[in-house]
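Asker: Here you go, one structure.
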Protein chains: 2
Amino acid sequence: MSDRAGRLWQSRRGARPYHVTMSRTHHAGRPPTMADVAARAGVSHQTVSRVLNDFPSIRSETRDRVLAAITELGYRRNDAARRLASARSGLLGVVASALPQFGPASILVGLETAAAQEGYRLSSVNVVDVTEVRFTAAVEQLLEQAIEALVLLVPHRPILHVAHALDLAIPVIVVEGDLTMTPLSAGVDNLQGARVATRHLLNLGHETVVHVAGPAEWLESGARAEGWRLELEASGREIPAIHWGGDWSARSGYLIGKSLAHADTTAVFAANDQMALGIMRALAEAGRRVPEDTSVVGFDDLPEAQYFTPPLTTVRQPFDELATRVMQLIQRSLAGEAEPRVELVQTSLVIRSSTAPPS
Amino acid sequence: MSDRAGRLWQSRRGARPYHVTMSRTHHAGRPPTMADVAARAGVSHQTVSRVLNDFPSIRSETRDRVLAAITELGYRRNDAARRLASARSGLLGVVASALPQFGPASILVGLETAAAQEGYRLSSVNVVDVTEVRFTAAVEQLLEQAIEALVLLVPHRPILHVAHALDLAIPVIVVEGDLTMTPLSAGVDNLQGARVATRHLLNLGHETVVHVAGPAEWLESGARAEGWRLELEASGREIPAIHWGGDWSARSGYLIGKSLAHADTTAVFAANDQMALGIMRALAEAGRRVPEDTSVVGFDDLPEAQYFTPPLTTVRQPFDELATRVMQLIQRSLAGEAEPRVELVQTSLVIRSSTAPPS
DNA sequence: ACTCGTAGTGTTAGCGCTCACATTGGGAGG
DNA sequence: CCTCCCAATGTGAGCGCTAACACTACGAGT
């Protein structure tokens, strides 16, 4: 008999560095293998394998015997051996750069769900400081795991150039990045979203709209700024200088917001909700009311945005749908479909109380 | 010759289900192995292995030859084979349940950083709907990957009982959970934080404090409610009924906040910042000013909390430090130290403008 | 009766690594 | 000058699984 029934086995042999020598003698405590299960069930190891992999032609009585043996021994399949023998990892690699942010985190969770439905799992790495070295190391680490596709949630322009230069043999899907640079990409239609936001403010009667942009190296920043510019241009309005220096944080919005609190700014389009929050705070402290004196629009539609003071008019990003589309791209590409493809997910304007006609 | 130099290799053999038959014939396009590198460098495969694993006794000229061969062939180590042969995964498993939330996401990122410094990698699974079945499946999936320790970022009471019953042979670290149930756990000192928050309000002169709790099945909810209760009790104050029904979201705070907008509530302690935001919104809509009519304290210190209207007084959680402590627990346990241990990270009260003496 | 197909199972050979041990060639110590 | 040791490298086995193919029994078709 092995350990007590139902014990969940797990080797602890491994708790040492690779180079430390150690006897390989099979001590009684090692986790059971397929051969152990096979012996106990009175079948061959291959039959055990077939049961575990849901092959059709197994007598149900045999299957039951195998399953019973598995339970009795507390057997658990060794994923490393499986991957090695099958030359399949079933793994999708994800490199992310701002996981504590609502957007990336939501996409990651959505992707994990979508991947699970197709039998894939995720292996993700968060790159804290986004440098070429760190990024390459992250990709390298994922490739050693034999990921079958790579998803890039790192919308930094320089990094995407690096990614492009890697020239991998697996599909690479860029999410929220430059949707023209990589064959496979998916993203929110930032340009359209920014145009709609700007148009909303113009329709309310504002002469022009000021834009507080995100960090310049993020591609979304560029797309949103471009959408804003295009819409102003299309309406023949004056195009104010872009306020750079934002880093997505409320704090940066607050800092920029302070400089915005002069009388002739009646409408602000912020590149995300957090910065919009900071801007509204700065305006309030300067004695300017939102929306009476200044209208503010954000981008993202955070769950909290509805409860800001005032509730924020913003552009909603459908993260779950984006995740689904990414998974579709991966599957198509894995199935051999080679054409470049850009999945553009549409945003929607959520009008709340932070926007009003100029007074 | 192989492909053009520098090409990053990656097998595509795998893009099919496990049971689909396929020839194993070595086509020219397969990724290079250690043997290929060895042949090119004119050494044995073992020497290549030693170079890759930083063994000391390698002549530097040999090392250079091997490294050159690796670069020329675009060789990349096969992690599955490595794990199988070494019986080590170098993997830490993480089960999380609310990744898009700031707290869990921050801990995960911090843990990934801390783990990387010790040569470990993370394999994480997010459990979207927290049921026993889903949770067990997540753990099972991680165990198949031969994780060396398991971190539970799932502070649901029923789930932790399940986890306890699993009886794993690897260290299990519960983060933010019941710090008495599992031998190894780490968390923020919710009780202390809640007491300090409550005391702050009492010190301002409030008669008593109302508590809006988080979801009952989350252990943090209980600890924060308990801290609040203890502090009121210690001061001999009336203990109002707890407002349950919150789910951490601003929306739930808003709903509860509506019922709070009657005149005799002068101080509210919310179990997190988002709910505090919702409460403040509801109070504002009911014509009650914060902090003049009602003081509000949150918990978390989200980066945005400082820019709420009014800026929120709240309890800061040091997520990064928590992650570091978790890693320390893991290492101690992996090193064989067996005693139960609870790492309690101290919170700090951040006083801003949402609290004031009653008027 | 004799193929033939097929359901159900077993046998064998790797997958690409690391481990343990074997082997070589100097340089230090007697 | 011979031994011994150790640095530097090689050889062989095997980790636990899946792929490919072999095999058996049995019922259907002719």
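Naming works like this for the structure tokens: A, B, ... for the chains as they're shown, residue 1 at the start of each chain, ligands 1 onward in shown order.
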Pull out every residue of chain D that has at least one atom within 12 Å of chain B, counting only C-alpha atoms (C1' of nucleotides), and report them as a PyMOL selection string.

Answerer: chain D and resi 6-21

Asker: Might you pull out every residue within 10 Å of Glu207 of chain B, with only C-alpha atoms (C1' of nucleotides) counted and same-chain residues fewer than 4 positions away left off, and present them as an NGL selection string?

Answerer: :B and (201-203 or 232 or 237-238 or 264-267 or 358)

Asker: Please produce a file of those selected residues containing C-alpha atoms, as a PDB file, in the first residue's frame.

Answerer:
```
ATOM      1  CA  LEU B 201     -13.317  58.315  13.808  1.00  0.00           C
ATOM      2  CA  LEU B 202     -14.006  58.007  17.530  1.00  0.00           C
ATOM      3  CA  ASN B 203     -11.096  60.307  18.296  1.00  0.00           C
ATOM      4  CA  LEU B 232     -16.211  50.154  19.571  1.00  0.00           C
ATOM      5  CA  ARG B 237     -19.801  52.547  22.392  1.00  0.00           C
ATOM      6  CA  GLU B 238     -23.035  51.409  20.946  1.00  0.00           C
ATOM      7  CA  ASP B 264     -27.984  60.025  12.655  1.00  0.00           C
ATOM      8  CA  THR B 265     -25.137  58.392  10.791  1.00  0.00           C
ATOM      9  CA  THR B 266     -22.109  60.614  11.274  1.00  0.00           C
ATOM     10  CA  ALA B 267     -19.282  58.166  10.625  1.00  0.00           C
ATOM     11  CA  PRO B 358     -19.095  65.796  13.680  1.00  0.00           C
TER      12      PRO B 358
END
```

Asker: Identify every residue of chain B that has at least one atom within 6 Å of any atom of chain A, counting only C-alpha atoms, and report the result as a list in words.

Answerer: Leu8, Gln10, Gly14, Arg77, Asn78, Asp79, Ala80, Ala81, Leu84, Ala87, Arg88, Pro100, Phe102, Ala105, Ser106, Glu144, Gln145, Leu168, Ala169, Ala250, Gly278, Arg281, Glu304 and Tyr307 of chain B

Asker: Give me, as a Markdown table, each residue of chain C that comes within 6 Å of chain B, together with its shortest interatomic pair and the distance in Å at one decimal, counting only C-alpha atoms (C1' of nucleotides), with rows ordered by chain and rising residue number.

Answerer:
```
| residue | atom | partner | partner_atom | distance |
| --- | --- | --- | --- | --- |
| C:DG16 | C1' | B:Ala81 | CA | 5.1 |
| C:DC17 | C1' | B:Ala81 | CA | 4.6 |
| C:DT18 | C1' | B:Ala85 | CA | 5.2 |
```

Asker: Least-squares fit on all C-alpha atoms, paired in order: put chain A onto chain B and return it as a short mmCIF file (atom, residue, chain, number, x, y, z; two decimals) with C-alpha atoms, in the first residue's frame.

Answerer:
```
data_model
loop_
_atom_site.label_atom_id
_atom_site.label_comp_id
_atom_site.auth_asym_id
_atom_site.auth_seq_id
_atom_site.Cartn_x
_atom_site.Cartn_y
_atom_site.Cartn_z
CA MET A 1 23.37 25.02 -42.11
CA SER A 2 20.10 25.59 -40.40
CA ASP A 3 17.78 28.44 -40.94
CA ARG A 4 19.22 31.88 -41.15
CA ALA A 5 21.35 32.77 -38.18
CA GLY A 6 19.60 34.29 -35.22
CA ARG A 7 16.26 32.75 -36.10
CA LEU A 8 14.39 32.02 -32.95
CA TRP A 9 13.33 28.45 -33.21
CA GLN A 10 10.08 27.09 -32.11
CA SER A 11 8.49 23.80 -32.91
CA ARG A 12 5.10 23.88 -34.55
CA ARG A 13 4.75 20.15 -34.60
CA GLY A 14 2.49 20.44 -31.64
CA ALA A 15 -0.46 22.30 -33.08
CA ARG A 16 -2.76 19.32 -32.95
CA PRO A 17 -4.63 17.31 -30.34
CA TYR A 18 -2.73 14.68 -28.43
CA HIS A 19 -4.46 11.77 -30.06
CA VAL A 20 -3.79 12.72 -33.66
CA THR A 21 -1.26 10.39 -35.13
CA MET A 22 1.77 11.75 -36.85
CA SER A 23 5.08 10.62 -38.12
CA ARG A 24 8.01 11.28 -35.87
CA THR A 25 10.45 11.44 -38.72
CA HIS A 26 12.91 14.17 -38.08
CA HIS A 27 12.25 16.77 -40.65
CA ALA A 28 14.93 19.35 -41.21
CA GLY A 29 12.85 22.05 -39.57
CA ARG A 30 12.81 20.69 -36.06
CA PRO A 31 14.33 22.87 -33.38
CA PRO A 32 17.93 22.09 -32.50
CA THR A 33 18.69 20.02 -29.43
CA MET A 34 21.58 19.98 -27.06
CA ALA A 35 23.14 17.22 -29.15
CA ASP A 36 23.09 19.50 -32.19
CA VAL A 37 24.81 22.23 -30.26
CA ALA A 38 27.32 19.74 -28.88
CA ALA A 39 28.15 18.46 -32.35
CA ARG A 40 28.64 21.91 -33.71
CA ALA A 41 30.82 23.00 -30.80
CA GLY A 42 32.79 19.74 -30.88
CA VAL A 43 31.97 18.83 -27.29
CA SER A 44 29.63 16.43 -25.54
CA HIS A 45 26.03 17.30 -24.81
CA GLN A 46 26.86 17.24 -21.15
CA THR A 47 29.32 20.07 -21.59
CA VAL A 48 26.59 22.08 -23.26
CA SER A 49 24.37 21.34 -20.29
CA ARG A 50 27.11 22.48 -17.94
CA VAL A 51 27.56 25.72 -19.78
CA LEU A 52 23.84 26.41 -19.68
CA ASN A 53 23.66 25.65 -15.99
CA ASP A 54 26.69 27.71 -15.02
CA PHE A 55 28.87 24.95 -13.74
CA PRO A 56 32.22 26.25 -12.55
CA SER A 57 34.74 23.95 -14.16
CA ILE A 58 34.44 24.86 -17.79
CA ARG A 59 37.36 26.20 -19.74
CA SER A 60 36.35 29.64 -20.93
CA GLU A 61 37.41 28.80 -24.45
CA THR A 62 35.06 25.81 -24.41
CA ARG A 63 32.28 27.92 -23.00
CA ASP A 64 32.69 30.44 -25.77
CA ARG A 65 32.57 27.75 -28.43
CA VAL A 66 29.38 26.35 -26.94
CA LEU A 67 27.77 29.76 -26.64
CA ALA A 68 28.69 30.51 -30.22
CA ALA A 69 27.12 27.26 -31.39
CA ILE A 70 24.00 28.09 -29.40
CA THR A 71 23.68 31.46 -31.07
CA GLU A 72 24.39 30.10 -34.53
CA LEU A 73 21.78 27.41 -34.25
CA GLY A 74 19.27 29.51 -32.40
CA TYR A 75 19.18 26.80 -29.78
CA ARG A 76 16.75 27.10 -26.92
CA ARG A 77 16.58 24.75 -23.97
CA ASN A 78 13.58 22.49 -23.72
CA ASP A 79 12.04 23.22 -20.39
CA ALA A 80 9.85 20.12 -20.35
CA ALA A 81 12.85 17.81 -20.79
CA ARG A 82 14.71 19.72 -18.16
CA ARG A 83 11.94 19.39 -15.64
CA LEU A 84 11.48 15.74 -16.36
CA ALA A 85 15.14 14.88 -15.98
CA SER A 86 15.79 17.03 -12.97
CA ALA A 87 12.53 16.36 -11.14
CA ARG A 88 12.37 20.07 -10.47
CA SER A 89 9.91 22.51 -11.91
CA GLY A 90 11.12 25.73 -10.38
CA LEU A 91 7.47 26.67 -10.34
CA LEU A 92 5.34 28.30 -7.70
CA GLY A 93 1.62 27.83 -8.16
CA VAL A 94 -0.81 30.63 -7.45
CA VAL A 95 -4.56 30.39 -7.34
CA ALA A 96 -6.22 33.79 -7.39
CA SER A 97 -9.85 34.72 -7.48
CA ALA A 98 -10.16 38.41 -8.21
CA LEU A 99 -7.28 39.34 -10.42
CA PRO A 100 -8.73 42.51 -11.92
CA GLN A 101 -8.84 43.90 -8.37
CA PHE A 102 -5.96 46.12 -7.44
CA GLY A 103 -4.97 44.20 -4.31
CA PRO A 104 -4.67 40.67 -5.66
CA ALA A 105 -3.06 41.91 -8.87
CA SER A 106 -0.48 43.87 -6.91
CA ILE A 107 0.34 40.92 -4.72
CA LEU A 108 0.71 38.69 -7.77
CA VAL A 109 3.08 41.07 -9.49
CA GLY A 110 5.07 41.54 -6.30
CA LEU A 111 5.28 37.82 -5.83
CA GLU A 112 6.45 37.27 -9.37
CA THR A 113 9.26 39.73 -8.81
CA ALA A 114 10.25 38.20 -5.48
CA ALA A 115 10.11 34.70 -6.94
CA ALA A 116 12.24 35.65 -9.93
CA GLN A 117 14.98 36.83 -7.60
CA GLU A 118 15.11 33.38 -6.07
CA GLY A 119 15.06 31.59 -9.39
CA TYR A 120 11.42 30.62 -9.27
CA ARG A 121 8.69 31.30 -11.75
CA LEU A 122 4.98 31.61 -11.24
CA SER A 123 2.19 29.58 -12.68
CA SER A 124 -1.08 31.24 -11.84
CA VAL A 125 -4.69 30.38 -12.35
CA ASN A 126 -7.54 32.77 -11.87
CA VAL A 127 -10.74 31.19 -10.64
CA VAL A 128 -13.58 33.25 -12.01
CA ASP A 129 -16.49 31.72 -10.20
CA VAL A 130 -15.24 30.48 -6.89
CA THR A 131 -16.74 27.06 -6.45
CA GLU A 132 -15.19 23.98 -4.93
CA VAL A 133 -15.10 22.24 -8.30
CA ARG A 134 -13.35 25.08 -10.06
CA PHE A 135 -10.93 25.58 -7.25
CA THR A 136 -9.99 21.92 -7.09
CA ALA A 137 -9.53 21.84 -10.85
CA ALA A 138 -7.22 24.83 -10.62
CA VAL A 139 -5.13 23.22 -7.91
CA GLU A 140 -5.05 19.96 -9.79
CA GLN A 141 -3.83 21.70 -12.91
CA LEU A 142 -1.05 23.33 -10.95
CA LEU A 143 -0.04 20.09 -9.25
CA GLU A 144 0.32 18.38 -12.61
CA GLN A 145 2.89 21.00 -13.37
CA ALA A 146 4.80 19.85 -10.29
CA ILE A 147 4.68 23.19 -8.54
CA GLU A 148 6.95 23.30 -5.51
CA ALA A 149 4.67 25.44 -3.40
CA LEU A 150 1.13 26.68 -3.60
CA VAL A 151 0.01 30.20 -2.86
CA LEU A 152 -3.67 30.77 -2.26
CA LEU A 153 -4.97 34.21 -3.01
CA VAL A 154 -8.53 33.07 -2.54
CA PRO A 155 -9.78 34.44 0.71
CA HIS A 156 -13.11 32.61 0.67
CA ARG A 157 -13.82 30.78 3.84
CA PRO A 158 -15.38 27.65 2.26
CA ILE A 159 -12.58 27.35 -0.25
CA LEU A 160 -9.94 27.47 2.41
CA HIS A 161 -11.61 24.55 4.10
CA VAL A 162 -11.37 22.65 0.85
CA ALA A 163 -7.74 23.63 0.53
CA HIS A 164 -7.09 22.43 4.03
CA ALA A 165 -8.64 19.07 3.26
CA LEU A 166 -6.41 18.59 0.21
CA ASP A 167 -3.50 17.68 2.47
CA LEU A 168 -0.75 18.39 0.00
CA ALA A 169 2.85 17.38 0.34
CA ILE A 170 4.07 20.81 -0.72
CA PRO A 171 3.98 24.00 1.32
CA VAL A 172 0.70 25.85 1.04
CA ILE A 173 0.71 29.53 1.84
CA VAL A 174 -2.58 31.28 2.41
CA VAL A 175 -2.50 34.96 1.69
CA GLU A 176 -5.10 37.27 3.12
CA GLY A 177 -7.05 34.36 4.46
CA ASP A 178 -7.79 32.93 7.81
CA LEU A 179 -4.46 33.28 9.48
CA THR A 180 -5.17 30.59 12.03
CA MET A 181 -6.39 27.77 9.86
CA THR A 182 -3.32 27.01 7.79
CA PRO A 183 0.18 26.47 9.14
CA LEU A 184 1.66 28.98 6.73
CA SER A 185 -0.08 32.21 6.08
CA ALA A 186 0.57 35.83 5.45
CA GLY A 187 -1.69 38.76 5.37
CA VAL A 188 -2.36 42.30 6.17
CA ASP A 189 -3.32 42.90 9.75
CA ASN A 190 -6.93 43.61 8.91
CA LEU A 191 -8.01 43.56 12.49
CA GLN A 192 -5.50 46.17 13.52
CA GLY A 193 -6.21 48.27 10.44
CA ALA A 194 -9.91 48.26 11.15
CA ARG A 195 -9.32 49.19 14.77
CA VAL A 196 -7.12 52.11 13.82
CA ALA A 197 -9.67 53.33 11.30
CA THR A 198 -12.46 53.10 13.84
CA ARG A 199 -10.37 54.74 16.54
CA HIS A 200 -9.56 57.61 14.20
CA LEU A 201 -13.28 58.29 13.80
CA LEU A 202 -13.96 58.01 17.52
CA ASN A 203 -11.04 60.31 18.29
CA LEU A 204 -12.57 62.89 16.01
CA GLY A 205 -15.52 62.90 18.36
CA HIS A 206 -18.04 60.65 16.65
CA GLU A 207 -20.40 58.89 19.00
CA THR A 208 -20.20 55.63 17.12
CA VAL A 209 -19.23 54.28 13.71
CA VAL A 210 -21.27 52.41 11.17
CA HIS A 211 -19.56 49.57 9.27
CA VAL A 212 -20.23 48.59 5.68
CA ALA A 213 -18.75 45.12 5.36
CA GLY A 214 -17.43 43.17 2.41
CA PRO A 215 -18.87 39.86 1.25
CA ALA A 216 -19.44 37.54 4.18
CA GLU A 217 -17.55 34.62 2.66
CA TRP A 218 -14.36 36.63 2.34
CA LEU A 219 -12.18 36.35 5.36
CA GLU A 220 -10.97 39.91 5.17
CA SER A 221 -14.53 41.05 5.59
CA GLY A 222 -14.78 39.18 8.84
CA ALA A 223 -11.46 40.45 10.18
CA ARG A 224 -12.24 44.06 9.36
CA ALA A 225 -15.69 43.81 10.87
CA GLU A 226 -14.21 42.21 13.96
CA GLY A 227 -11.62 44.97 14.33
CA TRP A 228 -14.34 47.57 14.08
CA ARG A 229 -16.46 45.75 16.65
CA LEU A 230 -13.59 45.31 19.07
CA GLU A 231 -12.64 48.95 18.95
CA LEU A 232 -16.18 50.13 19.56
CA GLU A 233 -16.49 47.64 22.38
CA ALA A 234 -13.21 48.74 23.93
CA SER A 235 -14.51 52.28 23.95
CA GLY A 236 -17.83 51.24 25.38
CA ARG A 237 -19.76 52.53 22.41
CA GLU A 238 -22.99 51.41 20.96
CA ILE A 239 -22.40 48.81 18.26
CA PRO A 240 -24.70 49.38 15.28
CA ALA A 241 -25.79 46.50 13.11
CA ILE A 242 -23.28 45.68 10.40
CA HIS A 243 -24.33 46.56 6.88
CA TRP A 244 -23.80 43.38 4.92
CA GLY A 245 -24.49 42.92 1.24
CA GLY A 246 -21.37 44.63 -0.02
CA ASP A 247 -19.31 42.83 -2.67
CA TRP A 248 -16.28 45.18 -2.75
CA SER A 249 -17.72 47.09 -5.70
CA ALA A 250 -18.50 50.79 -5.76
CA ARG A 251 -21.94 49.84 -6.93
CA SER A 252 -22.70 47.85 -3.80
CA GLY A 253 -21.34 50.70 -1.68
CA TYR A 254 -23.64 53.08 -3.47
CA LEU A 255 -26.66 50.89 -2.85
CA ILE A 256 -25.89 50.56 0.84
CA GLY A 257 -24.91 54.22 1.03
CA LYS A 258 -28.41 55.24 0.05
CA SER A 259 -29.80 53.58 3.14
CA LEU A 260 -27.13 55.32 5.21
CA ALA A 261 -28.21 58.80 4.31
CA HIS A 262 -30.29 59.45 7.36
CA ALA A 263 -29.33 62.09 9.83
CA ASP A 264 -27.95 60.07 12.70
CA THR A 265 -25.08 58.43 10.81
CA THR A 266 -22.06 60.65 11.28
CA ALA A 267 -19.25 58.19 10.62
CA VAL A 268 -18.88 55.26 8.24
CA PHE A 269 -16.07 52.73 7.99
CA ALA A 270 -16.22 50.93 4.65
CA ALA A 271 -14.42 47.62 4.15
CA ASN A 272 -12.65 48.89 1.04
CA ASP A 273 -12.07 52.01 -1.01
CA GLN A 274 -14.42 51.21 -3.86
CA MET A 275 -17.34 50.78 -1.52
CA ALA A 276 -16.34 53.98 0.26
CA LEU A 277 -16.48 55.71 -3.11
CA GLY A 278 -19.98 54.41 -3.74
CA ILE A 279 -21.06 55.45 -0.26
CA MET A 280 -19.71 58.96 -0.74
CA ARG A 281 -21.56 59.19 -4.01
CA ALA A 282 -24.81 58.07 -2.43
CA LEU A 283 -24.38 60.51 0.43
CA ALA A 284 -23.67 63.36 -1.97
CA GLU A 285 -26.77 62.56 -3.95
CA ALA A 286 -28.80 62.58 -0.76
CA GLY A 287 -27.49 66.03 -0.01
CA ARG A 288 -25.18 64.98 2.77
CA ARG A 289 -21.73 66.48 2.71
CA VAL A 290 -18.56 64.49 3.36
CA PRO A 291 -16.93 65.09 5.78
CA GLU A 292 -19.07 67.86 7.30
CA ASP A 293 -22.18 65.74 7.78
CA THR A 294 -20.72 62.28 7.52
CA SER A 295 -17.14 61.08 7.76
CA VAL A 296 -16.05 58.12 5.61
CA VAL A 297 -13.01 55.86 5.93
CA GLY A 298 -12.00 53.22 3.40
CA PHE A 299 -9.52 50.36 3.30
CA ASP A 300 -6.81 49.61 0.69
CA ASP A 301 -5.49 53.01 -0.31
CA LEU A 302 -5.99 52.62 -4.01
CA PRO A 303 -3.76 54.91 -6.06
CA GLU A 304 -6.95 56.77 -6.97
CA ALA A 305 -8.20 57.26 -3.41
CA GLN A 306 -6.28 60.48 -3.02
CA TYR A 307 -8.19 62.00 -5.91
CA PHE A 308 -11.69 61.03 -4.86
CA THR A 309 -14.07 63.80 -3.89
CA PRO A 310 -13.20 64.35 -1.17
CA PRO A 311 -9.80 62.65 -0.99
CA LEU A 312 -10.39 59.51 1.00
CA THR A 313 -9.05 58.77 4.44
CA THR A 314 -8.16 55.10 4.28
CA VAL A 315 -6.03 52.25 5.55
CA ARG A 316 -3.01 51.50 3.40
CA GLN A 317 -2.06 47.92 2.66
CA PRO A 318 1.60 47.32 1.83
CA PHE A 319 1.13 44.77 -0.95
CA ASP A 320 4.75 44.63 -2.00
CA GLU A 321 5.92 43.87 1.47
CA LEU A 322 3.28 41.22 1.74
CA ALA A 323 4.57 39.59 -1.43
CA THR A 324 8.11 39.59 -0.05
CA ARG A 325 6.98 37.97 3.15
CA VAL A 326 5.11 35.30 1.23
CA MET A 327 8.26 34.49 -0.68
CA GLN A 328 10.19 34.27 2.58
CA LEU A 329 7.63 31.86 3.96
CA ILE A 330 7.94 29.71 0.87
CA GLN A 331 11.70 29.59 1.05
CA ARG A 332 11.79 28.76 4.72
CA SER A 333 9.29 26.01 4.21
CA LEU A 334 11.11 24.66 1.18
CA ALA A 335 14.31 24.66 3.22
CA GLY A 336 12.65 22.28 5.63
CA GLU A 337 11.55 24.62 8.37
CA ALA A 338 8.35 23.15 9.59
CA GLU A 339 6.89 25.36 12.30
CA PRO A 340 3.64 27.10 11.54
CA ARG A 341 4.14 30.75 10.90
CA VAL A 342 1.94 33.72 10.35
CA GLU A 343 3.34 36.81 8.73
CA LEU A 344 1.29 39.82 9.63
CA VAL A 345 1.98 42.98 7.70
CA GLN A 346 1.07 46.21 9.37
CA THR A 347 -1.26 48.71 7.81
CA SER A 348 -1.07 52.45 8.16
CA LEU A 349 -3.82 55.00 8.36
CA VAL A 350 -3.71 57.65 5.66
CA ILE A 351 -5.68 60.66 6.80
CA ARG A 352 -7.08 62.82 4.05
CA SER A 353 -10.22 64.90 3.72
CA SER A 354 -13.12 62.49 4.04
CA THR A 355 -13.04 62.56 7.83
CA ALA A 356 -13.68 65.41 10.23
CA PRO A 357 -15.25 66.00 13.65
CA PRO A 358 -19.03 65.83 13.69
CA SER A 359 -20.63 69.20 13.29
#
```
